[in-house]
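Heads up, the thing below is written out as structure tokens.
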Amino acid sequence: MPKISAVIITYNEELFIERCLESIVGVADEIIVVDSFSTDKTEEICKKYNVRFVKHKFEGYKNQKNYALNLATYKNILALDADEALSDKLKESILAVKENWKHDGYYFNRRNLYCGRWIRHSEWYPNKQLRLFCSDKGQFGELNIHEKFIMSNGQYVGRLKGDLIHWSCSSPEDHRNKMKKYALISAEEYYKAGRKAYFFTPYIHYIWGFFRSYIFKGGFLDGRDGFLICSLYAKSSFEKYNRLISLNKQKKQV
């Protein structure tokens with residue numbers, strides 16, 4: 001039976017980490033937590049679960065997760081964020097995979113809990129994630145804020161039943177702050193990659209982002225929360241490209 005290393009990166013995650021760790025007991029044969037020098041009870045909670053707790057300076061989400069992969073004993077990886085946990089059905093599915101591992105990686109859906117309510121539409125569900133994979137078949141890539149594990153060409157990927165539970169935001173204000181932070185980081189990443197934006201780019205992404213998530217992907221079916229989520233998604237897109245324009249202007253002035 002193949003063994004699994006679970007990898008998690010943390011920074012001040014005392015509110016969520018125990019639920020995450022509890023959900024992977026009996027699934028993971030090894031748990032590695034790479035922590036960016038938390039100042040709360042994250043380490044204390046982790047050590048209750050016999051994890052390998054490693055402190056490492058934060059180098060961006062993508063780089064931090066690739067660092068965690070390199071620490072794993074086993075090549076089969078379950079990669080989670082600290083504010084995520086396996087549902088009972090997903091736990092059963094992963095245990096079944098351990099009995100008969102057929103693919104190089106496995107997708108499963110992520111369900112987001114927003115201000116105490118499950119979101120079932122827009123960009124937030126099914127929100128497919130590749131989180132169970134063979135580490136020698138790819139690496140974490142793309143932006144350092146929306147990082148994901150990218151499989152090498154020619155790899156076979158399956159899909160599992162059950163949801164990955166995500167405690168996304170505790171309040172609309174928490175959501176606004178996160179989206180603003182992510183927009184600024186994304187703009188920096190685009191700038192480093194040499195991406196361009198024009199005066200009309202933020203407006204196009206704002207309009208299309210809202211229309212796609214609220215209409216095409218059914219965000220309106222989640223009522224008031226759906227409208228708020230789609231609005232903030234669109235606003236974040238606007239702020240990202242607006243910031244990119246500013247960065248490119250600053251470069252020209254130097």
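For the structure tokens, the naming scheme is as follows: chains receive sequential letters (A, B, ...) according to their order of presentation, residues are indexed from 1 within each chain, and ligands are indexed from 1 in presentation order.
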Output as number ranges by chain all residues of stretch 74-138 of chain A that backbone DSSP marks as strand (DSSP E or B).
A: 76-81, 84-86, 105-114, 117-119, 129-134, 138
If we count only C-alpha atoms and set the cut-off at 7 Å, which residues sit around A:Asp163, ignoring sequence neighbours fewer than 3 positions away in its own chain? Please answer as a ChimeraX atom specification.
/A:86-87,90,108-111
Can you build me a table of stretch 142-194 of chain A residues sitting at most 10 Å from stretch 2-22 of chain A, with the closest atom pair per residue and its distance in Å to one decimal, using only C-alpha atoms, sorted by chain and residue number, as JSON lines?
```
{"residue": "A:Ile165", "atom": "CA", "partner": "A:Cys20", "partner_atom": "CA", "distance": 9.2}
{"residue": "A:His166", "atom": "CA", "partner": "A:Cys20", "partner_atom": "CA", "distance": 9.6}
{"residue": "A:Trp167", "atom": "CA", "partner": "A:Phe16", "partner_atom": "CA", "distance": 8.0}
```
Every residue of stretch 1-66 of chain A that DSSP places in alpha helix (DSSP H), as an mmCIF file with N, CA and C atoms, in the first residue's frame:
```cif
data_model
loop_
_atom_site.group_PDB
_atom_site.id
_atom_site.type_symbol
_atom_site.label_atom_id
_atom_site.label_comp_id
_atom_site.auth_asym_id
_atom_site.auth_seq_id
_atom_site.Cartn_x
_atom_site.Cartn_y
_atom_site.Cartn_z
ATOM 1 N N ILE A 17 -6.012 25.141 12.247
ATOM 2 C CA ILE A 17 -5.094 24.042 11.999
ATOM 3 C C ILE A 17 -5.509 22.731 12.652
ATOM 4 N N GLU A 18 -6.162 22.796 13.811
ATOM 5 C CA GLU A 18 -6.541 21.542 14.475
ATOM 6 C C GLU A 18 -7.584 20.775 13.667
ATOM 7 N N ARG A 19 -8.546 21.483 13.084
ATOM 8 C CA ARG A 19 -9.549 20.810 12.258
ATOM 9 C C ARG A 19 -8.903 20.178 11.030
ATOM 10 N N CYS A 20 -7.917 20.869 10.485
ATOM 11 C CA CYS A 20 -7.187 20.339 9.335
ATOM 12 C C CYS A 20 -6.462 19.053 9.691
ATOM 13 N N LEU A 21 -5.704 19.101 10.777
ATOM 14 C CA LEU A 21 -4.910 17.937 11.196
ATOM 15 C C LEU A 21 -5.794 16.773 11.610
ATOM 16 N N GLU A 22 -6.871 17.063 12.311
ATOM 17 C CA GLU A 22 -7.778 16.010 12.760
ATOM 18 C C GLU A 22 -8.357 15.248 11.573
ATOM 19 N N SER A 23 -8.616 15.962 10.478
ATOM 20 C CA SER A 23 -9.247 15.331 9.316
ATOM 21 C C SER A 23 -8.315 14.389 8.561
ATOM 22 N N ILE A 24 -7.003 14.547 8.732
ATOM 23 C CA ILE A 24 -6.079 13.687 7.977
ATOM 24 C C ILE A 24 -5.457 12.584 8.831
ATOM 25 N N THR A 42 -0.023 27.989 16.952
ATOM 26 C CA THR A 42 0.039 27.045 15.835
ATOM 27 C C THR A 42 0.984 25.885 16.129
ATOM 28 N N GLU A 43 2.193 26.176 16.560
ATOM 29 C CA GLU A 43 3.178 25.117 16.819
ATOM 30 C C GLU A 43 2.715 24.191 17.937
ATOM 31 N N GLU A 44 2.178 24.763 18.982
ATOM 32 C CA GLU A 44 1.699 23.972 20.121
ATOM 33 C C GLU A 44 0.613 22.984 19.684
ATOM 34 N N ILE A 45 -0.308 23.454 18.855
ATOM 35 C CA ILE A 45 -1.393 22.590 18.379
ATOM 36 C C ILE A 45 -0.847 21.503 17.461
ATOM 37 N N CYS A 46 0.055 21.870 16.573
ATOM 38 C CA CYS A 46 0.620 20.901 15.624
ATOM 39 C C CYS A 46 1.332 19.760 16.329
ATOM 40 N N LYS A 47 2.042 20.071 17.373
ATOM 41 C CA LYS A 47 2.835 19.041 18.056
ATOM 42 C C LYS A 47 1.960 18.034 18.791
ATOM 43 N N TYR A 61 3.928 31.845 -1.573
ATOM 44 C CA TYR A 61 3.151 30.615 -1.407
ATOM 45 C C TYR A 61 3.686 29.473 -2.267
ATOM 46 N N LYS A 62 3.971 29.767 -3.513
ATOM 47 C CA LYS A 62 4.464 28.732 -4.429
ATOM 48 C C LYS A 62 5.777 28.155 -3.945
ATOM 49 N N ASN A 63 6.727 29.022 -3.625
ATOM 50 C CA ASN A 63 8.044 28.558 -3.197
ATOM 51 C C ASN A 63 7.979 27.836 -1.851
ATOM 52 N N GLN A 64 7.112 28.316 -0.959
ATOM 53 C CA GLN A 64 6.984 27.679 0.343
ATOM 54 C C GLN A 64 6.444 26.255 0.206
ATOM 55 N N LYS A 65 5.509 26.075 -0.697
ATOM 56 C CA LYS A 65 4.928 24.740 -0.881
ATOM 57 C C LYS A 65 5.912 23.795 -1.573
ATOM 58 N N ASN A 66 6.680 24.304 -2.513
ATOM 59 C CA ASN A 66 7.699 23.450 -3.140
ATOM 60 C C ASN A 66 8.777 23.063 -2.127
#
```
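Between atom CA of A:Asp88 and atom CA of A:Ser38 the separation is 29.0 Å.
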Close residues, A:Gly141 itself excluded, 8 Å, only C-alpha atoms, min 5 positions apart in chain, as a PyMOL selection string
chain A and resi 62+147-150
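Of note, atom CA of A:Ala79 and atom CA of A:Leu130 are spaced 8.7 Å apart.
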Where does stretch 69-155 of chain A meet stretch 198-221 of chain A within 7 Å, residue by residue, with the nearest atom pair and distance in Å to one decimal for each, counting only C-alpha atoms, listed by chain and rising number, as a Markdown table?
```
| residue | atom | partner | partner_atom | distance |
| --- | --- | --- | --- | --- |
| A:His121 | CA | A:Gly219 | CA | 5.2 |
| A:Ser122 | CA | A:Gly219 | CA | 4.2 |
| A:Glu123 | CA | A:Ser213 | CA | 5.8 |
```
Can I get the selection written as a compact mmCIF listing (two decimals), in the first residue's frame, with N, CA and C atoms?
```txt
# COMPACT_ATOMS: atom_id res chain seq x y z
N HIS A 121 -22.09 28.04 -5.77
CA HIS A 121 -22.04 28.48 -7.16
C HIS A 121 -20.89 29.46 -7.38
N SER A 122 -20.95 30.22 -8.47
CA SER A 122 -19.95 31.20 -8.89
C SER A 122 -18.59 30.53 -9.06
N GLU A 123 -17.52 31.27 -8.76
CA GLU A 123 -16.17 30.72 -8.88
C GLU A 123 -15.84 29.77 -7.72
```
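The coordinates place atom CA of A:Lys91 at 20.7 Å from atom CA of A:Lys48.
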Can you tell me, as a PyMOL selection string, what residues are no more than 12 Å from stretch 176-178 of chain A when counting only C-alpha atoms, ignoring any on the same chain fewer than 2 positions away?
chain A and resi 145+168-174+180-185+228-236+239
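Checking A:Tyr241, A:Phe133, A:Phe58, A:Phe227 one by one against A:Val97, counting only C-alpha atoms, you find the shortest gap at A:Phe133.
For the choices A:Met1, A:Val33, A:His56, A:Arg224, the atom-to-atom distance to A:Ala82 is smallest for A:Val33 when using only C-alpha atoms.
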